[in-house]
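Heads up: the structure comes next, in structure tokens.
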Amino acid sequence: MNRNRTHHRGRTVFLCAAICLCMAGLAGRLFFLMLYKADYYSQMAEELHRRERSIKAPRGRILDRNGTVIADNRTVCTISVIHNQVKDPETVIRVLSEELGLPEAEVRKKTEKRSSREVIKSNVEKTRGDVIRAMRLEGVKVDEDYKRYYPYGRLASKVLGFTGGDNQGIIGLEVQYEKYLKGTDGKILTLTDAAGIELENEAEDRIEPEAGRDLQASLDVNIQMYAEQAAYQTMQKKNANRVSIIVMNPKNGEIYAMVNAPEFSLNEPFELVTDGKNEDSETEEDISWKNEVQSHAASAQNKQALLNQMWRNPCLNDTYEPGSTFKIVTAAAGLEAGVVNLTDQFSCPGFRIVEDRKIRCHKVGGHGGETFLQGMMNSCNPVFIDVGQRLGVDSFYHYFEQFGLLGKTGIDLPGEAATIMHKKENMGLVELATVSFGQSFQITPLQLITTASSVINGGNRVTPHLAVKSVSPQTGSVHKFEFPLGDRILSEETSSTMRYILEQVVSEGSGKNAKIEGYRIGGKTATSEKLPRSLKKYISSFVGFAPADDPQVIALITIDEPEGIYYGGTIAAPVVGSIFENILPYLGIPKTEAEDN
């Protein structure tokens, strides 16, 4: 009996000691938390009662070289609900469904969801948002936001690019200069009680957003309009797949216009352009067909592929065989290397035999005897095959590299394609012959016009570009973008000779359809056959510049698969001539009488 009592007393003492020890531990822990962790847990408690909503920063505008706004912002609203604050859910569901044009089931699902905040709809027109705000529905928040707006619709669409639902750049300048344009979002901070209801007597804290920087580009809205109008007229007249035009300053690489018809609507960038050839004169049948095509873009994957193709910028994303416009490069290399001069005599029987290949001239009967200058004016393939053979593979490849043709131009737009060229060790006499007059390799239109600019501007490689400067709307601080001239690629003397040759091509040769009264124009035509040759599909092109003695502007047009007559001298040269007729006076370039030749 005594033994049991002793055992029981021992257990009691042990339990009491254990309880005291636990209580001491808890007291110590409580003391530690209250004394050393008070600030930490106080902050956590405050955060549990804090609601945070972002205030979108206005995106920086994009302006043309004259200060015309070509990418702007429109104020829109984001409508959201906070579940714990909704006191009359049926009214909220009915009103938002009616005002926002949304299915009631969709609004109900979001309104009844137990979350800190559910967005019902974004990019709501401000007038509609103001109406909802005026109803003062408990638990409904109307926050102002910004949506990108392009005042000129499709103008320069594949250059400017557009933004997505989060107002972030997707293609073009919008993504290239994202870090300058995007700005910094602000915040709205409110306090709630334990149930998540906002405290009425607590004022909102606001951290104001910081607007993005404005970007001034070298594009000129008026020149872009002239060029786009010419592109669409050409596309419709020749029923071409597409027409691309680049207009730039050959001295510094500033791009005044870059057209890729058909363009797409920047304000509706996810709406497929199914046929740009006759979009200004669509019939009901055309519209019905367009709708049918869009509905057949069945899966999201197929539609995305079509959108990606629509957004491509062929001027720099796609390559092509340049054809005879590339004779500018062969001629410049031959003159610089001293293997040919203007009066060298050649004979064209209508073809050249190179190893086992018979390579024809575009003139079946041949040009007969001609000088090098006449060969350029006639765009005679055998003459340029001979110049290429005189240069040889090593020398030709050296100039190809020296002129910057093996790399990219470095333009400030994403997705530039590189030249597709034979490896030097795989370049035999036949390849040398075909490359000499612009076939069996591919470059981008941008690379061609950039190299042509360098040939005629005195011999300095330029970097084509669009950005001029960015400006902070808050402080006015300016950041200028630098694109200095690159290496000298040929001598002043050779450049001067090339300007003279190319002026003769327009005044008396294959480019005569680009002539403008009172202006000295230089240029080169091309008609290149697409692969596979059996399809008999062509790309017609012309590169021209003015004034010929002191080039201030250069332009390149490429017409993809024109129907009917497809010669570059016939259909491409006059388009550049008409563009120059409009823009040369606009640029303040005075007329001068051409010298007698």
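Naming works like this for the structure tokens: A, B, ... for the chains as they're shown, residue 1 at the start of each chain, ligands 1 onward in shown order.
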
Quick one: which segment 441-554 of chain A residues come within 10 Å of segment 329-334 of chain A, and what is the nearest atom pair for each with the distance in Å to one decimal, counting only C-alpha atoms, rows ordered by chain and ascending number, as a tab-separated table?
residue	atom	partner	partner_atom	distance
A:Leu448	CA	A:Val329	CA	9.2
A:Thr451	CA	A:Val329	CA	7.8
A:Ala452	CA	A:Val329	CA	7.5
A:Val455	CA	A:Ala332	CA	7.2
A:Ile456	CA	A:Ala332	CA	9.6
A:Gly459	CA	A:Ala332	CA	9.9
A:Ile489	CA	A:Ala333	CA	9.7
A:Leu490	CA	A:Ala332	CA	7.9
A:Ser491	CA	A:Ala332	CA	9.7
A:Thr494	CA	A:Ala332	CA	6.7
A:Ser495	CA	A:Ala332	CA	7.6
A:Thr497	CA	A:Ala332	CA	8.6
A:Met498	CA	A:Ala332	CA	6.7
A:Ile501	CA	A:Ala331	CA	9.4

Kindly assemble as CSV a list of the segment 108-161 of chain A residues that lie within 12 Å of segment 302-325 of chain A, each paired with its nearest atom pair and their distance in Å to one decimal, using only C-alpha atoms, sorted first by chain and then by ascending residue number.
residue,atom,partner,partner_atom,distance
A:Arg154,CA,A:Trp311,CA,11.5
A:Ala156,CA,A:Asn313,CA,10.1
A:Ser157,CA,A:Trp311,CA,8.2
A:Lys158,CA,A:Asn313,CA,5.6
A:Val159,CA,A:Asn313,CA,7.4
A:Leu160,CA,A:Asn313,CA,10.7
A:Gly161,CA,A:Trp311,CA,8.2

Shell of 9 Å around segment 365-380 of chain A, only C-alpha atoms, local chain residues under 2 positions omitted, as a count of residues only: 36

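The residue set within 12 Å of Tyr150 of chain A, counting only C-alpha atoms and dropping same-chain residues fewer than 2 places from it, reads A:Arg61, A:Ile62, A:Leu63, A:Thr68, A:Val69, A:Ile70, A:Ala71, A:Asp72, A:Asn73, A:Arg74, A:Lys147, A:Arg148, A:Tyr152, A:Gly153, A:Arg154, A:Leu155, A:Ala156, A:Ser157, A:Leu160, A:Gly161, A:Phe162, A:Thr163, A:Glu174, A:Phe264, A:Ser265, A:Leu266, A:Asn267, A:Glu268, A:Pro269.
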
Residues just named, written with N, CA, C and O atoms as a tab-separated table (two decimals), in the first residue's frame:
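Output file again17.tsv follows:
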chain	number	residue	atom	x	y	z
A	61	ARG	N	5.28	57.04	-75.82
A	61	ARG	CA	4.77	57.15	-77.19
A	61	ARG	C	5.90	56.92	-78.19
A	61	ARG	O	7.07	57.02	-77.85
A	62	ILE	N	5.52	56.61	-79.43
A	62	ILE	CA	6.49	56.57	-80.52
A	62	ILE	C	6.13	57.69	-81.49
A	62	ILE	O	4.96	57.83	-81.87
A	63	LEU	N	7.11	58.48	-81.84
A	63	LEU	CA	6.90	59.63	-82.73
A	63	LEU	C	7.77	59.48	-83.97
A	63	LEU	O	8.83	58.85	-83.92
A	68	THR	N	5.37	63.70	-85.14
A	68	THR	CA	4.01	63.17	-85.28
A	68	THR	C	3.88	61.87	-84.49
A	68	THR	O	4.71	60.97	-84.65
A	69	VAL	N	2.85	61.78	-83.64
A	69	VAL	CA	2.67	60.59	-82.80
A	69	VAL	C	2.13	59.44	-83.65
A	69	VAL	O	1.08	59.55	-84.29
A	70	ILE	N	2.85	58.32	-83.66
A	70	ILE	CA	2.42	57.16	-84.45
A	70	ILE	C	2.10	55.95	-83.56
A	70	ILE	O	1.59	54.95	-84.05
A	71	ALA	N	2.37	56.05	-82.28
A	71	ALA	CA	1.93	55.04	-81.31
A	71	ALA	C	1.62	55.78	-80.01
A	71	ALA	O	2.48	56.46	-79.46
A	72	ASP	N	0.38	55.67	-79.55
A	72	ASP	CA	-0.08	56.46	-78.42
A	72	ASP	C	-0.80	55.55	-77.42
A	72	ASP	O	-0.81	54.33	-77.57
A	73	ASN	N	-1.42	56.15	-76.40
A	73	ASN	CA	-2.17	55.40	-75.40
A	73	ASN	C	-3.59	55.95	-75.29
A	73	ASN	O	-3.81	57.15	-75.46
A	74	ARG	N	-4.52	55.06	-75.03
A	74	ARG	CA	-5.88	55.46	-74.71
A	74	ARG	C	-6.21	54.97	-73.31
A	74	ARG	O	-5.85	53.86	-72.94
A	147	LYS	N	-4.37	51.42	-72.87
A	147	LYS	CA	-4.35	50.51	-74.01
A	147	LYS	C	-3.62	51.20	-75.14
A	147	LYS	O	-3.83	52.38	-75.40
A	148	ARG	N	-2.73	50.45	-75.83
A	148	ARG	CA	-1.98	51.03	-76.93
A	148	ARG	C	-2.92	51.38	-78.08
A	148	ARG	O	-3.85	50.62	-78.40
A	152	TYR	N	-2.62	55.76	-86.99
A	152	TYR	CA	-2.61	55.55	-88.43
A	152	TYR	C	-2.92	54.11	-88.84
A	152	TYR	O	-2.66	53.71	-89.97
A	153	GLY	N	-3.50	53.35	-87.92
A	153	GLY	CA	-3.97	52.01	-88.26
A	153	GLY	C	-2.88	51.06	-88.68
A	153	GLY	O	-2.09	50.60	-87.86
A	154	ARG	N	-2.80	50.77	-89.97
A	154	ARG	CA	-1.85	49.76	-90.46
A	154	ARG	C	-0.50	50.36	-90.85
A	154	ARG	O	0.41	49.62	-91.22
A	155	LEU	N	-0.34	51.67	-90.78
A	155	LEU	CA	0.87	52.32	-91.26
A	155	LEU	C	2.11	51.75	-90.56
A	155	LEU	O	2.20	51.75	-89.34
A	156	ALA	N	3.06	51.26	-91.36
A	156	ALA	CA	4.33	50.74	-90.85
A	156	ALA	C	4.12	49.67	-89.79
A	156	ALA	O	4.89	49.57	-88.83
A	157	SER	N	3.10	48.84	-89.96
A	157	SER	CA	2.72	47.89	-88.91
A	157	SER	C	3.84	46.93	-88.54
A	157	SER	O	4.04	46.62	-87.37
A	160	LEU	N	6.63	49.18	-86.58
A	160	LEU	CA	6.25	49.65	-85.24
A	160	LEU	C	6.02	48.48	-84.29
A	160	LEU	O	6.46	48.51	-83.15
A	161	GLY	N	5.31	47.45	-84.77
A	161	GLY	CA	4.94	46.36	-83.89
A	161	GLY	C	3.76	46.75	-83.02
A	161	GLY	O	3.16	47.82	-83.21
A	162	PHE	N	3.41	45.92	-82.04
A	162	PHE	CA	2.25	46.18	-81.20
A	162	PHE	C	2.49	45.57	-79.84
A	162	PHE	O	3.52	44.94	-79.59
A	163	THR	N	1.54	45.76	-78.93
A	163	THR	CA	1.67	45.24	-77.56
A	163	THR	C	0.59	44.22	-77.30
A	163	THR	O	-0.46	44.20	-77.94
A	174	GLU	N	8.28	48.15	-80.77
A	174	GLU	CA	7.65	48.01	-79.46
A	174	GLU	C	8.41	47.03	-78.57
A	174	GLU	O	8.52	47.24	-77.37
A	264	PHE	N	-0.92	45.01	-91.70
A	264	PHE	CA	-2.07	44.59	-90.89
A	264	PHE	C	-2.45	45.72	-89.94
A	264	PHE	O	-1.68	46.66	-89.74
A	265	SER	N	-3.64	45.64	-89.37
A	265	SER	CA	-4.11	46.68	-88.46
A	265	SER	C	-3.42	46.56	-87.11
A	265	SER	O	-3.55	45.53	-86.43
A	266	LEU	N	-2.72	47.60	-86.72
A	266	LEU	CA	-2.04	47.58	-85.42
A	266	LEU	C	-3.04	47.62	-84.26
A	266	LEU	O	-2.73	47.17	-83.16
A	267	ASN	N	-4.22	48.16	-84.50
A	267	ASN	CA	-5.23	48.21	-83.45
A	267	ASN	C	-6.01	46.90	-83.33
A	267	ASN	O	-6.71	46.68	-82.35
A	268	GLU	N	-5.89	46.03	-84.33
A	268	GLU	CA	-6.49	44.69	-84.31
A	268	GLU	C	-5.45	43.69	-84.81
A	268	GLU	O	-5.66	43.03	-85.83
A	269	PRO	N	-4.32	43.55	-84.10
A	269	PRO	CA	-3.21	42.76	-84.63
A	269	PRO	C	-3.46	41.25	-84.68
A	269	PRO	O	-2.69	40.53	-85.32

A:Gly172, A:Gly101, A:Gly67, A:Gly404 ranked by distance to Ala217 of chain A, top pick (using only C-alpha atoms):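 Of A:Gly172, A:Gly101, A:Gly67, A:Gly404, the one nearest Ala217 of chain A, counting only C-alpha atoms, is A:Gly67.
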
Exercise: Glu90 of chain A partners within 10 Å, only C-alpha atoms, chain neighbours under 4 positions left out, as a list of chain:residue names: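 Once the adjacent positions are removed, what remains is A:Val86, A:Arg94, A:Val95, A:Arg108, A:Thr111.
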
Atomic distance atom CA of Gly169 of chain A - atom CA of Leu189 of chain A, expressed in Å with one decimal: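 The value is 27.7 Å.
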
Could you give me, as JSON lines, a per-residue list for segment 381-470 of chain A showing, wherever an atom lies at most 12 Å from an atom of segment 178-183 of chain A, the closest pair of atoms and their distance in Å to one decimal, using only C-alpha atoms and sorting by chain then residue number from low to high?
{"residue": "A:Leu413", "atom": "CA", "partner": "A:Glu178", "partner_atom": "CA", "distance": 11.7}
{"residue": "A:Pro414", "atom": "CA", "partner": "A:Glu178", "partner_atom": "CA", "distance": 11.8}
{"residue": "A:Ala467", "atom": "CA", "partner": "A:Tyr180", "partner_atom": "CA", "distance": 11.3}
{"residue": "A:Lys469", "atom": "CA", "partner": "A:Tyr180", "partner_atom": "CA", "distance": 10.3}
{"residue": "A:Ser470", "atom": "CA", "partner": "A:Tyr180", "partner_atom": "CA", "distance": 7.3}

Computed interatomic separation between atom CA of Leu432 of chain A and atom CA of Gln402 of chain A (Å): 16.8 Å
